[in-house]
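Visitor: Sharing final22.cif, mmCIF, C-alpha atoms and all ligand atoms:
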```cif
data_start
#
loop_
_atom_site.group_PDB
_atom_site.id
_atom_site.type_symbol
_atom_site.label_atom_id
_atom_site.label_comp_id
_atom_site.auth_asym_id
_atom_site.auth_seq_id
_atom_site.Cartn_x
_atom_site.Cartn_y
_atom_site.Cartn_z
ATOM 1 C CA MET A 1 39.064 125.795 172.335
ATOM 2 C CA PRO A 2 41.912 124.471 170.201
ATOM 3 C CA ALA A 3 40.934 124.141 166.522
ATOM 4 C CA LYS A 4 40.068 120.635 165.446
ATOM 5 C CA GLU A 5 40.811 119.118 162.056
ATOM 6 C CA HIS A 6 37.914 117.773 160.016
ATOM 7 C CA PRO A 7 38.094 114.445 158.193
ATOM 8 C CA VAL A 8 38.432 114.500 154.412
ATOM 9 C CA GLU A 9 35.285 112.754 153.158
ATOM 10 C CA LEU A 10 35.316 114.188 149.632
ATOM 11 C CA ILE A 11 37.592 113.006 146.856
ATOM 12 C CA ALA A 12 39.234 115.617 144.643
ATOM 13 C CA PRO A 13 38.326 114.734 141.043
ATOM 14 C CA ASP A 14 40.881 114.348 138.269
ATOM 15 C CA ILE A 15 40.428 117.550 136.255
ATOM 16 C CA SER A 16 43.242 116.963 133.756
ATOM 17 C CA ALA A 17 40.713 116.390 130.950
ATOM 18 C CA TYR A 18 39.596 120.020 131.329
ATOM 19 C CA LYS A 19 43.068 121.569 131.003
ATOM 20 C CA ALA A 20 42.919 122.290 127.271
ATOM 21 C CA GLY A 21 39.393 123.735 127.391
ATOM 22 C CA ASN A 22 38.414 125.705 124.306
ATOM 23 C CA THR A 23 39.126 129.321 125.194
ATOM 24 C CA GLY A 24 42.914 129.494 124.887
ATOM 25 C CA VAL A 25 43.077 129.780 128.691
ATOM 26 C CA ASP A 26 43.906 126.573 130.581
ATOM 27 C CA TYR A 27 41.059 125.034 132.584
ATOM 28 C CA VAL A 28 38.384 127.308 131.120
ATOM 29 C CA THR A 29 35.656 125.829 128.922
ATOM 30 C CA THR A 30 32.927 127.886 127.236
ATOM 31 C CA MET A 31 29.764 126.349 125.798
ATOM 32 C CA ASP A 32 27.979 128.556 123.260
ATOM 33 C CA SER A 33 24.284 127.854 122.672
ATOM 34 C CA GLY A 34 24.328 129.863 119.442
ATOM 35 C CA LYS A 35 21.300 131.717 120.793
ATOM 36 C CA PRO A 36 21.164 135.209 122.279
ATOM 37 C CA GLY A 37 21.561 135.448 126.019
ATOM 38 C CA PRO A 38 23.961 136.404 128.780
ATOM 39 C CA HIS A 39 27.427 135.029 129.505
ATOM 40 C CA VAL A 40 27.102 132.966 132.669
ATOM 41 C CA MET A 41 30.110 131.520 134.492
ATOM 42 C CA ILE A 42 30.791 129.152 137.368
ATOM 43 C CA ASN A 43 34.162 129.071 139.132
ATOM 44 C CA ALA A 44 35.608 126.149 141.055
ATOM 45 C CA VAL A 45 38.775 125.938 143.180
ATOM 46 C CA THR A 46 39.422 129.659 143.552
ATOM 47 C CA HIS A 47 41.001 128.250 146.695
ATOM 48 C CA GLY A 48 42.856 125.028 145.903
ATOM 49 C CA ASN A 49 41.739 123.099 148.992
ATOM 50 C CA GLU A 50 38.033 123.889 148.440
ATOM 51 C CA ILE A 51 37.350 120.884 146.249
ATOM 52 C CA CYS A 52 33.527 120.888 146.272
ATOM 53 C CA GLY A 53 33.311 123.208 143.252
ATOM 54 C CA ALA A 54 35.530 120.895 141.200
ATOM 55 C CA ILE A 55 33.207 118.017 142.107
ATOM 56 C CA ALA A 56 30.179 120.051 140.947
ATOM 57 C CA LEU A 57 31.701 121.191 137.636
ATOM 58 C CA ASP A 58 33.086 117.716 136.915
ATOM 59 C CA HIS A 59 29.592 116.279 137.482
ATOM 60 C CA LEU A 60 27.922 118.847 135.214
ATOM 61 C CA LEU A 61 30.492 118.411 132.431
ATOM 62 C CA LYS A 62 30.349 114.601 132.587
ATOM 63 C CA ASN A 63 26.558 114.778 132.399
ATOM 64 C CA GLY A 64 26.506 116.959 129.317
ATOM 65 C CA VAL A 65 25.247 120.246 130.723
ATOM 66 C CA GLU A 66 24.511 122.716 127.917
ATOM 67 C CA PRO A 67 23.211 126.269 128.065
ATOM 68 C CA ALA A 68 19.729 126.755 126.607
ATOM 69 C CA ARG A 69 20.726 130.300 125.636
ATOM 70 C CA GLY A 70 23.775 132.570 125.718
ATOM 71 C CA ARG A 71 27.174 131.233 126.749
ATOM 72 C CA LEU A 72 28.176 129.150 129.753
ATOM 73 C CA SER A 73 31.780 129.081 131.017
ATOM 74 C CA PHE A 74 33.325 126.858 133.659
ATOM 75 C CA ALA A 75 36.716 127.661 135.200
ATOM 76 C CA PHE A 76 38.978 125.751 137.549
ATOM 77 C CA VAL A 77 40.501 128.971 138.832
ATOM 78 C CA ASN A 78 43.513 128.120 140.987
ATOM 79 C CA HIS A 79 44.316 124.780 139.347
ATOM 80 C CA ALA A 80 47.958 125.174 140.420
ATOM 81 C CA ALA A 81 46.968 125.197 144.095
ATOM 82 C CA PHE A 82 44.324 122.494 143.561
ATOM 83 C CA HIS A 83 46.951 120.180 142.076
ATOM 84 C CA ARG A 84 48.856 120.414 145.363
ATOM 85 C CA PHE A 85 45.821 119.140 147.299
ATOM 86 C CA ASP A 86 46.841 116.311 149.615
ATOM 87 C CA PRO A 87 44.105 114.745 151.793
ATOM 88 C CA LYS A 88 46.736 114.179 154.500
ATOM 89 C CA ALA A 89 47.532 117.909 154.660
ATOM 90 C CA ALA A 90 44.267 119.213 153.294
ATOM 91 C CA ARG A 91 44.452 122.740 154.685
ATOM 92 C CA PHE A 92 47.708 123.614 152.984
ATOM 93 C CA SER A 93 46.748 123.885 149.307
ATOM 94 C CA ARG A 94 44.613 127.021 149.505
ATOM 95 C CA LEU A 95 47.053 128.997 147.363
ATOM 96 C CA VAL A 96 50.529 128.911 145.828
ATOM 97 C CA ASP A 97 51.927 132.434 146.381
ATOM 98 C CA GLU A 98 48.971 134.481 147.594
ATOM 99 C CA ASP A 99 45.192 134.389 147.910
ATOM 100 C CA ILE A 100 43.790 134.852 144.388
ATOM 101 C CA ASN A 101 40.580 136.070 145.980
ATOM 102 C CA ARG A 102 42.269 139.245 147.255
ATOM 103 C CA VAL A 103 43.972 140.489 144.060
ATOM 104 C CA TRP A 104 40.979 141.991 142.198
ATOM 105 C CA VAL A 105 42.260 145.550 142.472
ATOM 106 C CA GLU A 106 43.074 147.349 139.200
ATOM 107 C CA GLU A 107 46.411 148.698 140.475
ATOM 108 C CA ARG A 108 47.630 145.182 141.209
ATOM 109 C CA LEU A 109 46.195 143.567 138.076
ATOM 110 C CA ASP A 110 47.725 146.319 135.911
ATOM 111 C CA GLY A 111 50.975 146.480 137.911
ATOM 112 C CA GLU A 112 54.406 144.916 137.442
ATOM 113 C CA GLU A 113 54.273 142.514 140.394
ATOM 114 C CA ASP A 114 54.457 138.864 139.422
ATOM 115 C CA ASN A 115 53.396 135.641 141.130
ATOM 116 C CA THR A 116 51.385 132.509 140.342
ATOM 117 C CA GLU A 117 48.002 133.934 141.348
ATOM 118 C CA LEU A 118 48.507 137.363 139.723
ATOM 119 C CA ARG A 119 49.457 135.638 136.442
ATOM 120 C CA ARG A 120 46.326 133.493 136.636
ATOM 121 C CA ALA A 121 44.124 136.484 137.532
ATOM 122 C CA ARG A 122 45.520 138.412 134.552
ATOM 123 C CA GLU A 123 44.724 135.587 132.112
ATOM 124 C CA LEU A 124 41.192 135.180 133.522
ATOM 125 C CA ARG A 125 40.425 138.905 133.720
ATOM 126 C CA PRO A 126 39.435 139.371 130.018
ATOM 127 C CA ILE A 127 36.954 136.497 130.458
ATOM 128 C CA TYR A 128 35.451 137.953 133.648
ATOM 129 C CA ASN A 129 35.145 141.283 131.849
ATOM 130 C CA THR A 130 32.578 139.641 129.513
ATOM 131 C CA VAL A 131 30.635 137.752 132.217
ATOM 132 C CA ASP A 132 27.104 138.853 133.113
ATOM 133 C CA HIS A 133 26.418 136.445 135.986
ATOM 134 C CA LEU A 134 29.111 134.645 137.969
ATOM 135 C CA LEU A 135 28.916 132.007 140.690
ATOM 136 C CA ASP A 136 32.190 131.472 142.577
ATOM 137 C CA ILE A 137 32.076 128.193 144.529
ATOM 138 C CA HIS A 138 33.929 128.031 147.853
ATOM 139 C CA SER A 139 33.817 126.177 151.170
ATOM 140 C CA MET A 140 34.622 126.944 154.812
ATOM 141 C CA GLY A 141 36.815 125.783 157.666
ATOM 142 C CA THR A 142 33.935 124.886 159.980
ATOM 143 C CA LEU A 143 30.701 122.883 159.792
ATOM 144 C CA SER A 144 28.663 126.057 159.139
ATOM 145 C CA PRO A 145 25.409 125.992 157.190
ATOM 146 C CA ALA A 146 26.010 127.100 153.587
ATOM 147 C CA LEU A 147 26.081 130.840 152.831
ATOM 148 C CA MET A 148 25.634 132.894 149.665
ATOM 149 C CA LEU A 149 27.899 135.932 150.002
ATOM 150 C CA CYS A 150 27.469 139.218 148.158
ATOM 151 C CA ASN A 151 28.345 142.869 148.597
ATOM 152 C CA GLY A 152 24.724 143.706 149.338
ATOM 153 C CA LEU A 153 23.797 145.555 146.141
ATOM 154 C CA ASP A 154 20.092 145.281 145.257
ATOM 155 C CA LYS A 155 20.855 143.407 142.014
ATOM 156 C CA GLU A 156 22.848 140.807 143.963
ATOM 157 C CA VAL A 157 20.192 140.213 146.608
ATOM 158 C CA LYS A 158 17.612 139.945 143.811
ATOM 159 C CA ILE A 159 19.464 137.197 141.920
ATOM 160 C CA ALA A 160 20.435 135.432 145.166
ATOM 161 C CA ARG A 161 16.717 135.280 146.020
ATOM 162 C CA GLU A 162 15.874 134.074 142.505
ATOM 163 C CA ILE A 163 18.438 131.299 142.934
ATOM 164 C CA GLY A 164 16.694 130.472 146.216
ATOM 165 C CA TYR A 165 19.539 128.366 147.580
ATOM 166 C CA PRO A 166 21.343 127.942 149.931
ATOM 167 C CA GLY A 167 19.373 129.056 152.988
ATOM 168 C CA HIS A 168 21.404 132.133 153.980
ATOM 169 C CA ILE A 169 22.329 135.240 151.989
ATOM 170 C CA VAL A 170 25.085 137.273 153.656
ATOM 171 C CA CYS A 171 25.499 140.892 152.508
ATOM 172 C CA GLY A 172 28.761 142.770 153.058
ATOM 173 C CA SER A 173 32.317 141.604 153.574
ATOM 174 C CA GLY A 174 33.811 142.795 156.838
ATOM 175 C CA HIS A 175 37.021 141.905 155.051
ATOM 176 C CA VAL A 176 40.530 142.835 155.899
ATOM 177 C CA ARG A 177 42.480 143.756 152.759
ATOM 178 C CA GLY A 178 42.415 143.505 148.979
ATOM 179 C CA LYS A 179 39.326 142.717 146.926
ATOM 180 C CA ARG A 180 37.554 139.453 146.279
ATOM 181 C CA LEU A 181 36.444 138.597 142.746
ATOM 182 C CA ILE A 182 32.855 139.467 143.690
ATOM 183 C CA GLU A 183 34.181 142.940 144.563
ATOM 184 C CA TYR A 184 35.989 143.347 141.203
ATOM 185 C CA THR A 185 34.829 146.657 139.709
ATOM 186 C CA PRO A 186 32.628 145.426 136.807
ATOM 187 C CA PHE A 187 30.573 143.308 139.227
ATOM 188 C CA ASN A 188 30.488 145.599 142.269
ATOM 189 C CA ASP A 189 28.822 148.388 140.292
ATOM 190 C CA ALA A 190 25.244 149.423 140.967
ATOM 191 C CA THR A 191 24.949 151.049 137.509
ATOM 192 C CA ASN A 192 25.018 147.791 135.518
ATOM 193 C CA GLN A 193 23.187 144.463 135.780
ATOM 194 C CA LYS A 194 26.241 142.181 136.099
ATOM 195 C CA THR A 195 26.324 140.029 139.207
ATOM 196 C CA ALA A 196 28.921 137.925 141.003
ATOM 197 C CA LEU A 197 28.046 135.793 144.000
ATOM 198 C CA LEU A 198 30.267 133.658 146.211
ATOM 199 C CA VAL A 199 28.795 130.534 147.744
ATOM 200 C CA GLU A 200 30.341 128.922 150.826
ATOM 201 C CA CYS A 201 28.986 125.382 150.590
ATOM 202 C CA GLY A 202 29.938 124.038 154.018
ATOM 203 C CA GLN A 203 33.031 122.526 155.607
ATOM 204 C CA HIS A 204 35.758 122.041 152.976
ATOM 205 C CA TRP A 205 35.796 118.269 152.995
ATOM 206 C CA ALA A 206 32.461 117.247 154.549
ATOM 207 C CA ARG A 207 30.421 114.897 152.358
ATOM 208 C CA ASP A 208 27.386 117.211 152.178
ATOM 209 C CA THR A 209 29.511 120.079 150.885
ATOM 210 C CA GLY A 210 29.939 118.358 147.517
ATOM 211 C CA THR A 211 26.191 117.914 147.028
ATOM 212 C CA ILE A 212 25.495 121.481 148.216
ATOM 213 C CA ALA A 213 27.991 122.791 145.631
ATOM 214 C CA LEU A 214 26.234 120.864 142.869
ATOM 215 C CA ASP A 215 22.788 121.909 144.081
ATOM 216 C CA THR A 216 23.841 125.574 144.224
ATOM 217 C CA ALA A 217 25.173 125.368 140.651
ATOM 218 C CA LEU A 218 21.896 123.766 139.505
ATOM 219 C CA PHE A 219 19.701 126.357 141.277
ATOM 220 C CA PHE A 220 21.902 129.107 139.778
ATOM 221 C CA LEU A 221 21.675 127.705 136.234
ATOM 222 C CA ARG A 222 17.916 127.310 136.599
ATOM 223 C CA ALA A 223 17.532 130.893 137.880
ATOM 224 C CA VAL A 224 19.265 132.294 134.786
ATOM 225 C CA ASP A 225 17.188 130.036 132.481
ATOM 226 C CA PHE A 226 20.174 128.029 131.316
ATOM 227 C CA ILE A 227 18.906 124.520 132.103
ATOM 228 C CA ASP A 228 15.454 122.992 131.779
ATOM 229 C CA SER A 229 13.523 121.435 134.632
ATOM 230 C CA ASP A 230 14.314 117.883 133.441
ATOM 231 C CA PHE A 231 18.065 118.416 133.785
ATOM 232 C CA PHE A 232 17.546 120.188 137.116
ATOM 233 C CA LYS A 233 15.365 117.400 138.534
ATOM 234 C CA ALA A 234 17.673 114.665 137.292
ATOM 235 C CA HIS A 235 20.635 116.009 139.259
ATOM 236 C CA VAL A 236 19.398 118.066 142.226
ATOM 237 C CA ILE A 237 19.419 116.556 145.724
ATOM 238 C CA ASP A 238 17.643 119.212 147.837
ATOM 239 C CA SER A 239 14.851 120.122 145.434
ATOM 240 C CA GLU A 240 12.652 122.034 147.914
ATOM 241 C CA PRO A 241 14.902 124.007 150.236
ATOM 242 C CA ALA A 242 13.670 126.105 153.168
ATOM 243 C CA PRO A 243 13.037 129.849 152.658
ATOM 244 C CA GLN A 244 16.177 131.991 152.703
ATOM 245 C CA ARG A 245 17.266 134.322 155.480
ATOM 246 C CA VAL A 246 19.145 137.547 154.638
ATOM 247 C CA LEU A 247 21.957 138.600 156.970
ATOM 248 C CA GLU A 248 23.792 141.917 156.879
ATOM 249 C CA VAL A 249 27.425 141.986 157.955
ATOM 250 C CA THR A 250 27.897 144.614 160.666
ATOM 251 C CA GLY A 251 31.646 144.223 161.065
ATOM 252 C CA GLY A 252 34.672 141.999 160.769
ATOM 253 C CA LEU A 253 37.583 141.280 163.027
ATOM 254 C CA ALA A 254 41.256 140.585 162.337
ATOM 255 C CA THR A 255 43.300 138.865 164.988
ATOM 256 C CA GLU A 256 45.804 140.942 166.946
ATOM 257 C CA THR A 257 47.891 137.967 168.047
ATOM 258 C CA ASP A 258 48.746 134.401 167.019
ATOM 259 C CA ASP A 259 46.921 133.217 170.127
ATOM 260 C CA PHE A 260 43.248 133.640 169.183
ATOM 261 C CA GLN A 261 40.834 131.141 170.693
ATOM 262 C CA PHE A 262 37.052 131.009 170.536
ATOM 263 C CA VAL A 263 35.473 130.206 173.913
ATOM 264 C CA GLU A 264 33.429 127.431 172.271
ATOM 265 C CA ASP A 265 33.759 125.304 169.182
ATOM 266 C CA PHE A 266 31.609 127.660 167.079
ATOM 267 C CA SER A 267 30.653 126.549 163.563
ATOM 268 C CA GLY A 268 29.012 129.739 162.323
ATOM 269 C CA LEU A 269 25.509 131.294 162.497
ATOM 270 C CA GLU A 270 25.390 131.111 166.292
ATOM 271 C CA SER A 271 23.285 134.004 167.599
ATOM 272 C CA PHE A 272 24.043 136.033 170.741
ATOM 273 C CA THR A 273 21.159 137.930 172.327
ATOM 274 C CA ASN A 274 23.127 140.461 174.361
ATOM 275 C CA ALA A 275 25.806 142.874 173.220
ATOM 276 C CA GLY A 276 29.057 142.354 175.104
ATOM 277 C CA THR A 277 28.949 138.550 175.178
ATOM 278 C CA VAL A 278 32.502 137.188 175.299
ATOM 279 C CA ILE A 279 33.040 134.834 172.352
ATOM 280 C CA ALA A 280 36.827 134.609 172.094
ATOM 281 C CA LEU A 281 40.155 135.523 173.637
ATOM 282 C CA ASP A 282 42.812 137.212 171.492
ATOM 283 C CA GLY A 283 46.122 136.999 173.306
ATOM 284 C CA GLY A 284 44.090 136.787 176.516
ATOM 285 C CA LYS A 285 42.008 139.902 175.650
ATOM 286 C CA GLU A 286 38.256 139.355 175.600
ATOM 287 C CA VAL A 287 36.468 139.651 172.256
ATOM 288 C CA ARG A 288 32.827 140.679 172.749
ATOM 289 C CA THR A 289 29.809 140.833 170.462
ATOM 290 C CA PRO A 290 29.300 144.457 169.366
ATOM 291 C CA HIS A 291 25.485 144.592 169.394
ATOM 292 C CA ASP A 292 22.350 142.735 170.493
ATOM 293 C CA ASP A 293 21.101 139.801 168.403
ATOM 294 C CA CYS A 294 24.552 139.395 166.894
ATOM 295 C CA ILE A 295 25.143 136.481 164.546
ATOM 296 C CA LEU A 296 28.612 134.980 164.187
ATOM 297 C CA VAL A 297 29.520 134.366 160.525
ATOM 298 C CA MET A 298 32.423 132.211 159.330
ATOM 299 C CA PRO A 299 34.536 131.893 162.483
ATOM 300 C CA ASN A 300 38.051 130.889 161.393
ATOM 301 C CA PRO A 301 39.620 128.691 164.053
ATOM 302 C CA HIS A 302 42.925 128.670 162.163
ATOM 303 C CA ALA A 303 43.440 132.437 161.829
ATOM 304 C CA ARG A 304 46.942 133.751 162.418
ATOM 305 C CA LYS A 305 47.848 137.283 163.488
ATOM 306 C CA GLY A 306 46.334 139.899 161.173
ATOM 307 C CA MET A 307 43.940 137.496 159.437
ATOM 308 C CA ARG A 308 40.181 137.953 159.407
ATOM 309 C CA VAL A 309 38.884 135.602 162.063
ATOM 310 C CA LEU A 310 35.126 136.265 161.958
ATOM 311 C CA ARG A 311 32.338 138.512 160.770
ATOM 312 C CA PHE A 312 29.432 139.804 162.839
ATOM 313 C CA ALA A 313 25.993 140.084 161.245
ATOM 314 C CA ARG A 314 22.367 140.797 161.972
ATOM 315 C CA ASP A 315 19.186 139.339 160.517
ATOM 316 C CA VAL A 316 17.639 141.874 158.114
ATOM 317 C CA ASN A 317 14.109 140.541 158.769
ATOM 318 C CA PRO A 318 14.181 138.926 162.206
ATOM 319 C CA SER A 319 11.188 136.733 162.921
HETATM 320 ZN ZN ZN A 401 37.371 130.054 149.541
#
```
For this file, write the structure as structure tokens.

Guide:
Amino acid sequence: MPAKEHPVELIAPDISAYKAGNTGVDYVTTMDSGKPGPHVMINAVTHGNEICGAIALDHLLKNGVEPARGRLSFAFVNHAAFHRFDPKAARFSRLVDEDINRVWVEERLDGEEDNTELRRARELRPIYNTVDHLLDIHSMGTLSPALMLCNGLDKEVKIAREIGYPGHIVCGSGHVRGKRLIEYTPFNDATNQKTALLVECGQHWARDTGTIALDTALFFLRAVDFIDSDFFKAHVIDSEPAPQRVLEVTGGLATETDDFQFVEDFSGLESFTNAGTVIALDGGKEVRTPHDDCILVMPNPHARKGMRVLRFARDVNPS
């Protein structure tokens, strides 16, 4: 199946008012309650074309969100890429020089290499080093149900369950190279209580994705006791979501050729009963599910050679 383009139903907000911020780092704002408590942070536009997070943070800031305790920081991470967003070429503003969600490796952050995303990562790193709980808001290429991604550490699954939204928690990466921010050492460490979660809110530009991003931020802020129930109720759309399902990633796949085609127009979370089911052709070679009751996670219909094109997963508690 050739990949289809999705319509752009969301409007990228004007974030210029947030450039100055108050932290000395562009597009980062910290609100200090003056009371003891953790440092909680929400990221938007880690990928410049994933505009739902900017919509959520813009909404919260315009509506006077304030932490009831501790400190709350909001960052528009890859603002340089976001500012290149063009609804007529919406896929092409994910990054400027490289994917900022692959650079969270000490050797690269400490190294001499220089590009737009490494510079931005280096200026954000001291802030992340002080963060106790992080939510990194993303979106996906297909009309998949929303997913909360984590490495699978107990502390991450615990807070993802406390957040209670969205409906699927996906543990493990099946990734190809580099490290995502949620894998950055201070977070991906079972010996401390810091957590970083990545939410994939839906298709990048589908209307629902904007409200799911805002709802996820509200459920997150409520779970860490940063907002009261009045603020939550005044802004949430899906106030009583269905119980969550926990999926464990069993593997990932990178494409071997530039000619990778799924056999159907999969969105994500399709389940295949039998191992060996053909789900794609990579340069004509059949790609089969590796085990029974295999769930397809985040199929990427636009993957080029060497890119991660899918993850396989299983339900941790199948019904
Ligand atoms: Zn993303």

Visitor: Which residues, named as in the file, does the PyMOL selection byres (((chain A and resi 42) around 7) and not hetatm) pick out? Answer as a VMD selection string.

Guide: chain A and resid 41 43 to 44 73 to 75 134 to 136

Visitor: Care to translate the PyMOL selection byres (((chain A and resi 267) around 7) and not hetatm) into actual residues of this file, as a PyMOL selection string?

Guide: chain A and resi 142-144+265-266+268+299

Visitor: Which residues come within 8 Å of Arg102 in chain A, counting all atoms listed in the file, excluding same-chain residues fewer than 4 positions away, as a count of residues only?

Guide: 5

Visitor: Need to verify the contact set: range 165-172 of chain A, 9 Å, only C-alpha atoms, exclusion of same-chain residues closer than 2 positions in sequence. Can you return it as a count of residues only?

Guide: 37

Visitor: Could you list, as a ChimeraX atom specification, all residues that come within 7 Å of ligand ZN 401 (chain A)? Count all atoms listed in the file.

Guide: /A:46-47,50,138-140

Visitor: Translate the PyMOL selection byres (((chain A and resi 89-100) around 8) and not hetatm), as applied to the file shown, into an explicit residue set as a PDB file with C-alpha atoms, keeping the file's coordinate frame.

Guide:
```
ATOM      1  CA  VAL A   8      38.432 114.500 154.412  1.00  0.00           C
ATOM      2  CA  THR A  46      39.422 129.659 143.552  1.00  0.00           C
ATOM      3  CA  HIS A  47      41.001 128.250 146.695  1.00  0.00           C
ATOM      4  CA  GLY A  48      42.856 125.028 145.903  1.00  0.00           C
ATOM      5  CA  ASN A  49      41.739 123.099 148.992  1.00  0.00           C
ATOM      6  CA  GLU A  50      38.033 123.889 148.440  1.00  0.00           C
ATOM      7  CA  ASN A  78      43.513 128.120 140.987  1.00  0.00           C
ATOM      8  CA  ALA A  80      47.958 125.174 140.420  1.00  0.00           C
ATOM      9  CA  ALA A  81      46.968 125.197 144.095  1.00  0.00           C
ATOM     10  CA  PHE A  82      44.324 122.494 143.561  1.00  0.00           C
ATOM     11  CA  ARG A  84      48.856 120.414 145.363  1.00  0.00           C
ATOM     12  CA  PHE A  85      45.821 119.140 147.299  1.00  0.00           C
ATOM     13  CA  ASP A  86      46.841 116.311 149.615  1.00  0.00           C
ATOM     14  CA  PRO A  87      44.105 114.745 151.793  1.00  0.00           C
ATOM     15  CA  LYS A  88      46.736 114.179 154.500  1.00  0.00           C
ATOM     16  CA  ASN A 101      40.580 136.070 145.980  1.00  0.00           C
ATOM     17  CA  ARG A 102      42.269 139.245 147.255  1.00  0.00           C
ATOM     18  CA  VAL A 103      43.972 140.489 144.060  1.00  0.00           C
ATOM     19  CA  TRP A 104      40.979 141.991 142.198  1.00  0.00           C
ATOM     20  CA  ASN A 115      53.396 135.641 141.130  1.00  0.00           C
ATOM     21  CA  THR A 116      51.385 132.509 140.342  1.00  0.00           C
ATOM     22  CA  GLU A 117      48.002 133.934 141.348  1.00  0.00           C
ATOM     23  CA  LEU A 118      48.507 137.363 139.723  1.00  0.00           C
ATOM     24  CA  ALA A 121      44.124 136.484 137.532  1.00  0.00           C
ATOM     25  CA  ARG A 180      37.554 139.453 146.279  1.00  0.00           C
TER      26      ARG A 180
END
```

Visitor: Hey, can you check how far CA of Asp230 in chain A sits from CA of Arg71 in chain A?

Guide: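 Pair CA of Asp230 in chain A / CA of Arg71 in chain A returns 19.7 Å.
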
Visitor: Go ahead and compute the interatomic distance for CA of Arg304 in chain A and CA of Gln203 in chain A, in Å to one decimal.

Guide: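 Going from CA of Arg304 in chain A over to CA of Gln203 in chain A covers 19.1 Å.
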
Visitor: Mind checking which residues fall within 8 Å of range 53-56 of chain A, counting all atoms listed in the file, ignoring those fewer than 4 positions away in the same chain, and posting them as JSON, numbers by chain?

Guide: {"A": [12, 13, 15, 43, 44, 45, 60, 76, 137, 138, 210, 211, 213, 214, 217]}

Visitor: Figure out the distance between CA of Leu124 in chain A and CA of Leu218 in chain A, please, to one decimal in Å.

Guide: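 Straight-line distance from CA of Leu218 in chain A to CA of Leu124 in chain A works out to 23.2 Å.
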
Visitor: With a distance cut-off of 12 Å and all atoms listed in the file, select the neighbouring residues of Val40 in chain A, excluding the residue or stretch itself and same-chain residues fewer than 4 positions from it, and output the selection as a PDB file with C-alpha atoms, in the coordinates of the input.

Guide:
```pdb
ATOM      1  CA  THR A  29      35.656 125.829 128.922  1.00  0.00           C
ATOM      2  CA  THR A  30      32.927 127.886 127.236  1.00  0.00           C
ATOM      3  CA  MET A  31      29.764 126.349 125.798  1.00  0.00           C
ATOM      4  CA  ASP A  32      27.979 128.556 123.260  1.00  0.00           C
ATOM      5  CA  SER A  33      24.284 127.854 122.672  1.00  0.00           C
ATOM      6  CA  GLU A  66      24.511 122.716 127.917  1.00  0.00           C
ATOM      7  CA  PRO A  67      23.211 126.269 128.065  1.00  0.00           C
ATOM      8  CA  ALA A  68      19.729 126.755 126.607  1.00  0.00           C
ATOM      9  CA  ARG A  69      20.726 130.300 125.636  1.00  0.00           C
ATOM     10  CA  GLY A  70      23.775 132.570 125.718  1.00  0.00           C
ATOM     11  CA  ARG A  71      27.174 131.233 126.749  1.00  0.00           C
ATOM     12  CA  LEU A  72      28.176 129.150 129.753  1.00  0.00           C
ATOM     13  CA  SER A  73      31.780 129.081 131.017  1.00  0.00           C
ATOM     14  CA  PHE A  74      33.325 126.858 133.659  1.00  0.00           C
ATOM     15  CA  ALA A  75      36.716 127.661 135.200  1.00  0.00           C
ATOM     16  CA  ILE A 127      36.954 136.497 130.458  1.00  0.00           C
ATOM     17  CA  TYR A 128      35.451 137.953 133.648  1.00  0.00           C
ATOM     18  CA  ASN A 129      35.145 141.283 131.849  1.00  0.00           C
ATOM     19  CA  THR A 130      32.578 139.641 129.513  1.00  0.00           C
ATOM     20  CA  VAL A 131      30.635 137.752 132.217  1.00  0.00           C
ATOM     21  CA  ASP A 132      27.104 138.853 133.113  1.00  0.00           C
ATOM     22  CA  HIS A 133      26.418 136.445 135.986  1.00  0.00           C
ATOM     23  CA  LEU A 134      29.111 134.645 137.969  1.00  0.00           C
ATOM     24  CA  LEU A 135      28.916 132.007 140.690  1.00  0.00           C
ATOM     25  CA  ASP A 136      32.190 131.472 142.577  1.00  0.00           C
ATOM     26  CA  LYS A 194      26.241 142.181 136.099  1.00  0.00           C
ATOM     27  CA  THR A 195      26.324 140.029 139.207  1.00  0.00           C
ATOM     28  CA  ALA A 196      28.921 137.925 141.003  1.00  0.00           C
ATOM     29  CA  LEU A 197      28.046 135.793 144.000  1.00  0.00           C
ATOM     30  CA  ALA A 217      25.173 125.368 140.651  1.00  0.00           C
ATOM     31  CA  PHE A 220      21.902 129.107 139.778  1.00  0.00           C
ATOM     32  CA  LEU A 221      21.675 127.705 136.234  1.00  0.00           C
ATOM     33  CA  ARG A 222      17.916 127.310 136.599  1.00  0.00           C
ATOM     34  CA  ALA A 223      17.532 130.893 137.880  1.00  0.00           C
ATOM     35  CA  VAL A 224      19.265 132.294 134.786  1.00  0.00           C
ATOM     36  CA  ASP A 225      17.188 130.036 132.481  1.00  0.00           C
ATOM     37  CA  PHE A 226      20.174 128.029 131.316  1.00  0.00           C
ATOM     38  CA  ILE A 227      18.906 124.520 132.103  1.00  0.00           C
TER      39      ILE A 227
END
```

Visitor: Using all atoms of range 65-79 of chain A that appear in the file, construct an axis-aligned enclosing box with 5 Å of padding on every side and provide its centre coordinates and edge lengths in Å, rounded to one decimal, as AutoDock Vina command-line options.

Guide:
```
--center_x 32.0 --center_y 126.4 --center_z 133.3 --size_x 34.6 --size_y 22.3 --size_z 25.4
```
